[in-house]
Every structure is written in structure tokens, then in C-alpha cells.
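Before any comments, here is the structure.
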Amino acid sequence: MKVIYRIAPPVTNRELNALFADAWPNHRRRNLEPMLRKALIYVCAHEGKRLVGFAKVISDGGVHGFLLDPTVAPDRRRRGIGRKLVEACAREARRRRIEWLHVDFEPRLAKFYLACGFSSTRAALRNLKQSR
Ligand SMILES: CC(C)(COP(=O)(O)OP(=O)(O)OC[C@H]1O[C@@H](n2cnc3c(N)ncnc32)[C@H](O)[C@@H]1OP(=O)(O)O)[C@@H](O)C(=O)NCCC(=O)NCCS
């Protein structure tokens with residue numbers, strides 16, 4: 001079945017939580033509407049009526065965008081859906097005058113992000129819940 005990519009389509013909490021619960025082992029079901037409202041861009045991939053992928057970009061209000069949550073349903077991976085979601089985010093971000101798209105990821109996903117056009121740079125991440 002053809003996969004359709006749309007910017008900011010209507011999407012329910014139930015659909016998003018179901019996708020995240022399948023894809024992220026530690027996902028806790030919650031109200032995701034505030035996250036959608038605050039995103040500069042979000043993209044959904046649907047196969048028929050089923051939500052099979054999601055990604056979003058948040059922004060500093062200037063030229064920087066941060067790609068978060070690229071997610072593809074486990075049974076739909078390695079078919080190019082993740083790459084197309086990221087490309088849709090990048091295209092829409094460019095249209096909105098974002099110049100730099102940032103992402104951070106675990107080393108096992110380096111190949112995916114290279115395939116999506118990112119080049120590696122030094123970056124760091126601090127967990128504010130665990131460190132004081
Ligand atoms: C990461 C994720 C979004 C990739 O989605 P996907 O639809 O499988 O990715 P694509 O099919 O577009 O992959 C494009 C290329 O990236 C690389 N790639 C994708 N997943 C990979 C993996 N797990 N390990 C190594 N390379 C990978 C491959 O080169 C692939 O091309 P190929 O299949 O022709 O070899 C998906 O695995 C996922 O939802 N993971 C769980 C959530 C997650 O960790 N998200 C990232 C947060 S930083």
C-alpha cells in the first residue's frame with residue numbers, strides 16, 4: 001500500500017501513543033497534544049488509515065531547527081519511510097527559512113542519519129533529570 005506523507009495532518013493521541021509504544025521501549029502513554037502544538041513542523045506517514053511514521057522539528061525562532069522523534073512502526077522499517085519523513089521535515093524547514101537542522105542520536109543510528117544527508121559534528125547532551 002502506498003505511504004502518504006503529510007505536514008501537520010490531524011492525528012489523535014491514541015494513534016501517536018500506539019506508534020510510539022510500538023517503537024520506543026520506554027514510552028509512557030500520555031497527552032501528546034501540547035507537543036504537537038509547540039512543534040514548528042510535524043510530519044506523519046500514513047499507509048491507508050494507519051499511522052506508520054512520525055517526525056517533528058522544533059525551532060529556536062531563528063535559523064536553527066531540531067529534528068526530534070523520527071519514528072517508524074517496527075514492521076515498516078527499512079523501506080525508506082524514515083528517510084522520507086526526515087526529507088519532508090527538511091523541505092518544510094527550508095521553506096520556513098531554517099538554515100541548520102540539528103539532530104542527536106545513538107551511534108547505532110549513524111548510518112541512518114548519514115543516509116538522510118546529515119554530516120557528523122561534535123555535540124553533547126546532558127540529562128538534567130539525572131545530573132545536578
Ligand atoms: C530510525 C528509524 C526512524 C529509521 O526508519 P526506517 O524507515 O527504517 O529508515 P529507512 O528505511 O529510511 O533507512 C534508510 C537507510 O538508513 C540506514 N538505516 C536505517 N535504519 C538503520 C539501522 N537500524 N541500523 C543501521 N542503518 C540503518 C540504512 O542505510 C537504510 O538504507 P537501507 O535500508 O537501504 O540499507 C527507525 O528505525 C525507528 O523508528 N527506530 C526507533 C525510534 C528511533 O530510535 N528513532 C531515532 C531517534 S534519534
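Every chain in the C-alpha cells takes a letter, A first, then B, and so on in the order presented; its residues are numbered from 1, and the ligands are numbered from 1 following the presented order.
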Would you pick out the contacts of Leu125 (chain A) at 10 Å or less, using only C-alpha atoms, so that residues sharing its chain but fewer than 3 positions from it are not included, and give the list as number ranges by chain? A: 104-105, 128
Quick one: write out the picked residues with N, CA, C and O atoms as an mmCIF file, in the first residue's frame?
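File selection-v3.cif, as written:
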```cif
data_model
loop_
_atom_site.group_PDB
_atom_site.id
_atom_site.type_symbol
_atom_site.label_atom_id
_atom_site.label_comp_id
_atom_site.auth_asym_id
_atom_site.auth_seq_id
_atom_site.Cartn_x
_atom_site.Cartn_y
_atom_site.Cartn_z
ATOM 1 N N ASP A 104 20.484 14.667 17.317
ATOM 2 C CA ASP A 104 21.439 13.829 18.045
ATOM 3 C C ASP A 104 20.872 12.418 18.095
ATOM 4 O O ASP A 104 19.663 12.227 17.961
ATOM 5 N N PHE A 105 21.780 11.458 18.251
ATOM 6 C CA PHE A 105 21.328 10.060 18.105
ATOM 7 C C PHE A 105 22.358 9.117 18.703
ATOM 8 O O PHE A 105 23.510 9.500 18.938
ATOM 9 N N LEU A 128 19.261 16.375 32.467
ATOM 10 C CA LEU A 128 19.045 17.249 33.621
ATOM 11 C C LEU A 128 18.278 16.551 34.745
ATOM 12 O O LEU A 128 18.284 17.007 35.884
#
```
If you count only C-alpha atoms and all ligand atoms, which residues end up within 8 Å of ligand 1, as a ChimeraX atom specification? /A:23-24,53,68-74,76-85,103-106,108-116
Just N, CA and C atoms for this one: save the residues we selected as a JSON list (two decimals), in the first residue's frame.
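File produced: part.json:
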```json
[["chain", "number", "residue", "atom", "x", "y", "z"],
["A", 23, "ALA", "N", 7.33, 1.55, 19.01],
["A", 23, "ALA", "CA", 8.68, 1.85, 18.53],
["A", 23, "ALA", "C", 9.68, 2.18, 19.63],
["A", 24, "TRP", "N", 9.20, 2.73, 20.77],
["A", 24, "TRP", "CA", 10.10, 3.17, 21.84],
["A", 24, "TRP", "C", 9.83, 2.31, 23.07],
["A", 53, "GLY", "N", 4.44, 6.36, 10.60],
["A", 53, "GLY", "CA", 5.67, 7.11, 10.85],
["A", 53, "GLY", "C", 5.38, 8.53, 11.28],
["A", 68, "LEU", "N", 13.39, 15.92, 15.99],
["A", 68, "LEU", "CA", 13.12, 15.04, 17.13],
["A", 68, "LEU", "C", 12.13, 13.95, 16.73],
["A", 69, "ASP", "N", 12.26, 12.82, 17.43],
["A", 69, "ASP", "CA", 11.26, 11.74, 17.37],
["A", 69, "ASP", "C", 11.06, 11.05, 16.02],
["A", 70, "PRO", "N", 12.03, 11.02, 15.10],
["A", 70, "PRO", "CA", 11.74, 10.24, 13.89],
["A", 70, "PRO", "C", 11.41, 8.81, 14.30],
["A", 71, "THR", "N", 10.25, 8.36, 13.91],
["A", 71, "THR", "CA", 9.75, 7.06, 14.37],
["A", 71, "THR", "C", 9.03, 6.35, 13.23],
["A", 72, "VAL", "N", 9.38, 5.11, 13.02],
["A", 72, "VAL", "CA", 8.69, 4.28, 12.02],
["A", 72, "VAL", "C", 8.23, 3.00, 12.71],
["A", 73, "ALA", "N", 7.02, 2.58, 12.41],
["A", 73, "ALA", "CA", 6.49, 1.34, 13.01],
["A", 73, "ALA", "C", 7.46, 0.19, 12.73],
["A", 74, "PRO", "N", 7.74, -0.64, 13.75],
["A", 74, "PRO", "CA", 8.74, -1.70, 13.59],
["A", 74, "PRO", "C", 8.53, -2.58, 12.36],
["A", 76, "ARG", "N", 7.43, -1.73, 9.55],
["A", 76, "ARG", "CA", 7.51, -0.97, 8.29],
["A", 76, "ARG", "C", 8.91, -0.36, 8.08],
["A", 77, "ARG", "N", 9.88, -0.82, 8.85],
["A", 77, "ARG", "CA", 11.22, -0.23, 8.74],
["A", 77, "ARG", "C", 11.98, -0.77, 7.54],
["A", 78, "ARG", "N", 13.04, -0.06, 7.20],
["A", 78, "ARG", "CA", 13.96, -0.40, 6.10],
["A", 78, "ARG", "C", 13.24, -0.44, 4.75],
["A", 79, "ARG", "N", 12.28, 0.47, 4.60],
["A", 79, "ARG", "CA", 11.60, 0.63, 3.31],
["A", 79, "ARG", "C", 11.71, 2.08, 2.84],
["A", 80, "GLY", "N", 12.55, 2.87, 3.53],
["A", 80, "GLY", "CA", 12.74, 4.26, 3.12],
["A", 80, "GLY", "C", 11.79, 5.25, 3.76],
["A", 81, "ILE", "N", 10.91, 4.77, 4.66],
["A", 81, "ILE", "CA", 9.92, 5.69, 5.26],
["A", 81, "ILE", "C", 10.61, 6.71, 6.17],
["A", 82, "GLY", "N", 11.58, 6.26, 6.98],
["A", 82, "GLY", "CA", 12.29, 7.17, 7.89],
["A", 82, "GLY", "C", 12.98, 8.27, 7.11],
["A", 83, "ARG", "N", 13.67, 7.89, 6.04],
["A", 83, "ARG", "CA", 14.39, 8.88, 5.24],
["A", 83, "ARG", "C", 13.42, 9.89, 4.62],
["A", 84, "LYS", "N", 12.28, 9.41, 4.14],
["A", 84, "LYS", "CA", 11.31, 10.32, 3.51],
["A", 84, "LYS", "C", 10.68, 11.25, 4.55],
["A", 85, "LEU", "N", 10.48, 10.75, 5.77],
["A", 85, "LEU", "CA", 9.95, 11.62, 6.84],
["A", 85, "LEU", "C", 10.95, 12.75, 7.12],
["A", 103, "VAL", "N", 20.42, 17.26, 14.86],
["A", 103, "VAL", "CA", 19.86, 16.02, 15.40],
["A", 103, "VAL", "C", 20.91, 15.37, 16.29],
["A", 104, "ASP", "N", 20.48, 14.67, 17.32],
["A", 104, "ASP", "CA", 21.44, 13.83, 18.04],
["A", 104, "ASP", "C", 20.87, 12.42, 18.10],
["A", 105, "PHE", "N", 21.78, 11.46, 18.25],
["A", 105, "PHE", "CA", 21.33, 10.06, 18.10],
["A", 105, "PHE", "C", 22.36, 9.12, 18.70],
["A", 106, "GLU", "N", 21.92, 7.89, 18.93],
["A", 106, "GLU", "CA", 22.85, 6.85, 19.40],
["A", 106, "GLU", "C", 23.72, 6.40, 18.23],
["A", 108, "ARG", "N", 24.43, 3.67, 16.93],
["A", 108, "ARG", "CA", 23.88, 2.65, 16.00],
["A", 108, "ARG", "C", 23.07, 3.27, 14.88],
["A", 109, "LEU", "N", 22.64, 4.55, 15.05],
["A", 109, "LEU", "CA", 21.82, 5.18, 14.01],
["A", 109, "LEU", "C", 22.62, 6.10, 13.08],
["A", 110, "ALA", "N", 23.95, 6.07, 13.22],
["A", 110, "ALA", "CA", 24.78, 6.98, 12.41],
["A", 110, "ALA", "C", 24.53, 6.76, 10.91],
["A", 111, "LYS", "N", 24.39, 5.51, 10.51],
["A", 111, "LYS", "CA", 24.22, 5.22, 9.08],
["A", 111, "LYS", "C", 22.89, 5.81, 8.57],
["A", 112, "PHE", "N", 21.87, 5.71, 9.40],
["A", 112, "PHE", "CA", 20.57, 6.27, 9.01],
["A", 112, "PHE", "C", 20.68, 7.78, 8.78],
["A", 113, "TYR", "N", 21.32, 8.49, 9.74],
["A", 113, "TYR", "CA", 21.38, 9.94, 9.60],
["A", 113, "TYR", "C", 22.33, 10.38, 8.47],
["A", 114, "LEU", "N", 23.34, 9.60, 8.21],
["A", 114, "LEU", "CA", 24.19, 9.88, 7.03],
["A", 114, "LEU", "C", 23.35, 9.73, 5.77],
["A", 115, "ALA", "N", 22.53, 8.67, 5.73],
["A", 115, "ALA", "CA", 21.65, 8.44, 4.56],
["A", 115, "ALA", "C", 20.65, 9.58, 4.41],
["A", 116, "CYS", "N", 20.35, 10.27, 5.51],
["A", 116, "CYS", "CA", 19.40, 11.39, 5.47],
["A", 116, "CYS", "C", 20.09, 12.72, 5.17]]
```
Need to verify the contact set: Ala8 (chain A), 10 Å, only C-alpha atoms, exclusion of same-chain residues closer than 6 positions in sequence. Can you return it as a compact mmCIF listing (two decimals) with all heavy atoms, in the first residue's frame?
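The file below, around-v8.txt, is the result:
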```
# COMPACT_ATOMS: atom_id res chain seq x y z
N LEU A 36 2.56 18.49 20.00
CA LEU A 36 2.23 18.78 18.60
C LEU A 36 2.03 20.27 18.40
O LEU A 36 2.47 20.84 17.40
CB LEU A 36 0.94 18.05 18.20
CG LEU A 36 1.02 16.56 17.99
CD1 LEU A 36 -0.34 16.03 17.54
CD2 LEU A 36 2.08 16.18 16.97
N ARG A 37 1.36 20.90 19.36
CA ARG A 37 1.09 22.35 19.22
C ARG A 37 2.37 23.16 19.20
O ARG A 37 2.47 24.15 18.50
CB ARG A 37 0.20 22.83 20.38
CG ARG A 37 -1.29 22.65 20.11
CD ARG A 37 -2.11 23.55 21.01
NE ARG A 37 -1.86 23.32 22.42
CZ ARG A 37 -2.46 22.37 23.13
NH1 ARG A 37 -3.34 21.58 22.56
NH2 ARG A 37 -2.16 22.20 24.41
N ALA A 39 5.38 22.16 18.25
CA ALA A 39 6.31 21.82 17.16
C ALA A 39 6.19 22.86 16.05
O ALA A 39 5.09 23.33 15.74
CB ALA A 39 6.00 20.44 16.62
N LEU A 40 7.33 23.21 15.46
CA LEU A 40 7.26 24.09 14.28
C LEU A 40 6.65 23.31 13.12
O LEU A 40 5.82 23.82 12.36
CB LEU A 40 8.68 24.54 13.92
CG LEU A 40 8.82 25.42 12.70
CD1 LEU A 40 8.24 26.81 12.95
CD2 LEU A 40 10.29 25.55 12.27
N ILE A 41 7.10 22.05 13.01
CA ILE A 41 6.67 21.19 11.91
C ILE A 41 6.48 19.79 12.46
O ILE A 41 7.30 19.33 13.26
CB ILE A 41 7.78 21.09 10.84
CG1 ILE A 41 8.10 22.45 10.23
CG2 ILE A 41 7.43 20.08 9.76
CD1 ILE A 41 9.48 22.50 9.57
N TYR A 42 5.42 19.12 12.05
CA TYR A 42 5.43 17.67 12.24
C TYR A 42 4.93 17.01 10.96
O TYR A 42 4.16 17.60 10.21
CB TYR A 42 4.70 17.21 13.51
CG TYR A 42 3.20 17.35 13.48
CD1 TYR A 42 2.39 16.34 12.96
CD2 TYR A 42 2.58 18.47 14.02
CE1 TYR A 42 1.01 16.45 12.95
CE2 TYR A 42 1.20 18.58 14.03
CZ TYR A 42 0.42 17.57 13.49
OH TYR A 42 -0.95 17.70 13.49
N VAL A 43 5.45 15.83 10.74
CA VAL A 43 5.11 15.09 9.51
C VAL A 43 4.63 13.71 9.91
O VAL A 43 5.23 13.06 10.77
CB VAL A 43 6.34 14.96 8.60
CG1 VAL A 43 5.99 14.19 7.33
CG2 VAL A 43 6.90 16.32 8.23
N CYS A 44 3.53 13.29 9.31
CA CYS A 44 3.01 11.95 9.56
C CYS A 44 3.07 11.14 8.27
O CYS A 44 2.85 11.68 7.18
CB CYS A 44 1.56 12.01 10.00
SG CYS A 44 1.33 12.74 11.63
N LYS A 56 9.29 15.31 13.87
CA LYS A 56 8.95 16.71 14.08
C LYS A 56 10.21 17.57 14.15
O LYS A 56 11.32 17.06 14.36
CB LYS A 56 8.12 16.88 15.35
CG LYS A 56 8.89 16.74 16.64
CD LYS A 56 7.98 17.04 17.83
CE LYS A 56 8.81 17.16 19.09
NZ LYS A 56 8.36 16.38 20.20
```
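If you measure from each of A:Arg50, A:His27, A:Lys38, A:His64 to Thr12 (chain A) using only C-alpha atoms, the closest one turns out to be A:Arg50.
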Sel. of helix (DSSP H, G or I) residues, chain A, as a VMD selection string: chain A and resid 13 to 23 33 to 38 74 to 76 81 to 95 107 to 115
Would you write out those residues with N, CA and C atoms, as a CSV table (one decimal), in the first residue's frame?
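Below you can see result39.csv, which holds the result:
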```csv
chain,number,residue,atom,x,y,z
A,13,ASN,N,-4.2,11.4,19.8
A,13,ASN,CA,-3.3,10.9,20.9
A,13,ASN,C,-3.2,9.4,20.8
A,14,ARG,N,-4.3,8.7,20.5
A,14,ARG,CA,-4.4,7.3,20.5
A,14,ARG,C,-3.4,6.7,19.4
A,15,GLU,N,-3.5,7.3,18.2
A,15,GLU,CA,-2.6,6.9,17.1
A,15,GLU,C,-1.2,7.1,17.4
A,16,LEU,N,-0.9,8.3,17.9
A,16,LEU,CA,0.5,8.6,18.2
A,16,LEU,C,1.1,7.7,19.3
A,17,ASN,N,0.3,7.6,20.4
A,17,ASN,CA,0.8,6.7,21.5
A,17,ASN,C,0.9,5.3,21.1
A,18,ALA,N,0.1,4.8,20.2
A,18,ALA,CA,0.2,3.4,19.7
A,18,ALA,C,1.5,3.3,18.9
A,19,LEU,N,1.8,4.3,18.0
A,19,LEU,CA,3.1,4.2,17.3
A,19,LEU,C,4.3,4.3,18.2
A,20,PHE,N,4.3,5.2,19.1
A,20,PHE,CA,5.4,5.4,20.0
A,20,PHE,C,5.6,4.2,20.9
A,21,ALA,N,4.5,3.6,21.4
A,21,ALA,CA,4.6,2.4,22.3
A,21,ALA,C,5.2,1.3,21.5
A,22,ASP,N,4.9,1.1,20.2
A,22,ASP,CA,5.5,0.0,19.4
A,22,ASP,C,7.0,0.3,19.2
A,23,ALA,N,7.3,1.5,19.0
A,23,ALA,CA,8.7,1.9,18.5
A,23,ALA,C,9.7,2.2,19.6
A,33,GLU,N,-0.8,16.1,22.7
A,33,GLU,CA,-1.2,17.3,22.0
A,33,GLU,C,-0.4,18.6,22.3
A,34,PRO,N,0.1,18.8,23.5
A,34,PRO,CA,0.9,20.0,23.7
A,34,PRO,C,2.2,20.0,22.9
A,35,MET,N,2.8,18.8,22.8
A,35,MET,CA,4.0,18.6,22.0
A,35,MET,C,3.7,18.9,20.5
A,36,LEU,N,2.6,18.5,20.0
A,36,LEU,CA,2.2,18.8,18.6
A,36,LEU,C,2.0,20.3,18.4
A,37,ARG,N,1.4,20.9,19.4
A,37,ARG,CA,1.1,22.3,19.2
A,37,ARG,C,2.4,23.2,19.2
A,38,LYS,N,3.4,22.7,20.0
A,38,LYS,CA,4.6,23.5,20.1
A,38,LYS,C,5.6,23.2,19.0
A,74,PRO,N,7.7,-0.6,13.8
A,74,PRO,CA,8.7,-1.7,13.6
A,74,PRO,C,8.5,-2.6,12.4
A,75,ASP,N,7.3,-2.9,12.0
A,75,ASP,CA,7.1,-3.8,10.9
A,75,ASP,C,7.1,-3.0,9.5
A,76,ARG,N,7.4,-1.7,9.6
A,76,ARG,CA,7.5,-1.0,8.3
A,76,ARG,C,8.9,-0.4,8.1
A,81,ILE,N,10.9,4.8,4.7
A,81,ILE,CA,9.9,5.7,5.3
A,81,ILE,C,10.6,6.7,6.2
A,82,GLY,N,11.6,6.3,7.0
A,82,GLY,CA,12.3,7.2,7.9
A,82,GLY,C,13.0,8.3,7.1
A,83,ARG,N,13.7,7.9,6.0
A,83,ARG,CA,14.4,8.9,5.2
A,83,ARG,C,13.4,9.9,4.6
A,84,LYS,N,12.3,9.4,4.1
A,84,LYS,CA,11.3,10.3,3.5
A,84,LYS,C,10.7,11.3,4.6
A,85,LEU,N,10.5,10.7,5.8
A,85,LEU,CA,10.0,11.6,6.8
A,85,LEU,C,10.9,12.7,7.1
A,86,VAL,N,12.2,12.4,7.2
A,86,VAL,CA,13.3,13.4,7.5
A,86,VAL,C,13.3,14.4,6.4
A,87,GLU,N,13.3,13.9,5.1
A,87,GLU,CA,13.3,14.8,4.0
A,87,GLU,C,12.1,15.7,3.9
A,88,ALA,N,11.0,15.2,4.3
A,88,ALA,CA,9.8,16.1,4.3
A,88,ALA,C,10.0,17.2,5.4
A,89,CYS,N,10.6,16.8,6.5
A,89,CYS,CA,10.8,17.8,7.6
A,89,CYS,C,11.8,18.9,7.1
A,90,ALA,N,12.9,18.4,6.4
A,90,ALA,CA,13.9,19.3,5.9
A,90,ALA,C,13.4,20.2,4.9
A,91,ARG,N,12.6,19.7,4.0
A,91,ARG,CA,12.0,20.6,2.9
A,91,ARG,C,11.1,21.7,3.5
A,92,GLU,N,10.3,21.3,4.5
A,92,GLU,CA,9.4,22.2,5.1
A,92,GLU,C,10.2,23.2,5.9
A,93,ALA,N,11.2,22.7,6.6
A,93,ALA,CA,12.0,23.6,7.4
A,93,ALA,C,12.7,24.7,6.5
A,94,ARG,N,13.2,24.2,5.4
A,94,ARG,CA,13.9,25.2,4.5
A,94,ARG,C,12.9,26.2,4.0
A,95,ARG,N,11.7,25.8,3.7
A,95,ARG,CA,10.6,26.7,3.3
A,95,ARG,C,10.4,27.8,4.3
A,107,PRO,N,25.0,5.9,18.5
A,107,PRO,CA,25.9,5.6,17.5
A,107,PRO,C,25.3,4.5,16.5
A,108,ARG,N,24.4,3.7,16.9
A,108,ARG,CA,23.9,2.6,16.0
A,108,ARG,C,23.1,3.3,14.9
A,109,LEU,N,22.6,4.6,15.0
A,109,LEU,CA,21.8,5.2,14.0
A,109,LEU,C,22.6,6.1,13.1
A,110,ALA,N,23.9,6.1,13.2
A,110,ALA,CA,24.8,7.0,12.4
A,110,ALA,C,24.5,6.8,10.9
A,111,LYS,N,24.4,5.5,10.5
A,111,LYS,CA,24.2,5.2,9.1
A,111,LYS,C,22.9,5.8,8.6
A,112,PHE,N,21.9,5.7,9.4
A,112,PHE,CA,20.6,6.3,9.0
A,112,PHE,C,20.7,7.8,8.8
A,113,TYR,N,21.3,8.5,9.7
A,113,TYR,CA,21.4,9.9,9.6
A,113,TYR,C,22.3,10.4,8.5
A,114,LEU,N,23.3,9.6,8.2
A,114,LEU,CA,24.2,9.9,7.0
A,114,LEU,C,23.3,9.7,5.8
A,115,ALA,N,22.5,8.7,5.7
A,115,ALA,CA,21.7,8.4,4.6
A,115,ALA,C,20.7,9.6,4.4
```
Under the rule that only C-alpha atoms are counted, which of A:Arg97, A:Arg28, A:Arg6, A:Lys129 is the nearest residue to Phe54 (chain A)?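 Among the listed residues, the smallest separation from Phe54 (chain A) belongs to A:Arg6.
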Strand (DSSP E or B) residues, from DSSP on the backbone, in chain A, as a PyMOL selection string: chain A and resi 3-7+41-47+50-59+64-72+100-102
Mind pulling up the distance from CA of Phe66 (chain A) to CA of Ala123 (chain A)?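 We find that CA of Ala123 (chain A) and CA of Phe66 (chain A) lie 12.8 Å from each other.
From CA of Lys49 (chain A) back to CA of Leu101 (chain A), the distance works out to 29.6 Å.
The two atoms in question, CA of Ser119 (chain A) and CA of Ile7 (chain A), are spaced 24.7 Å apart.
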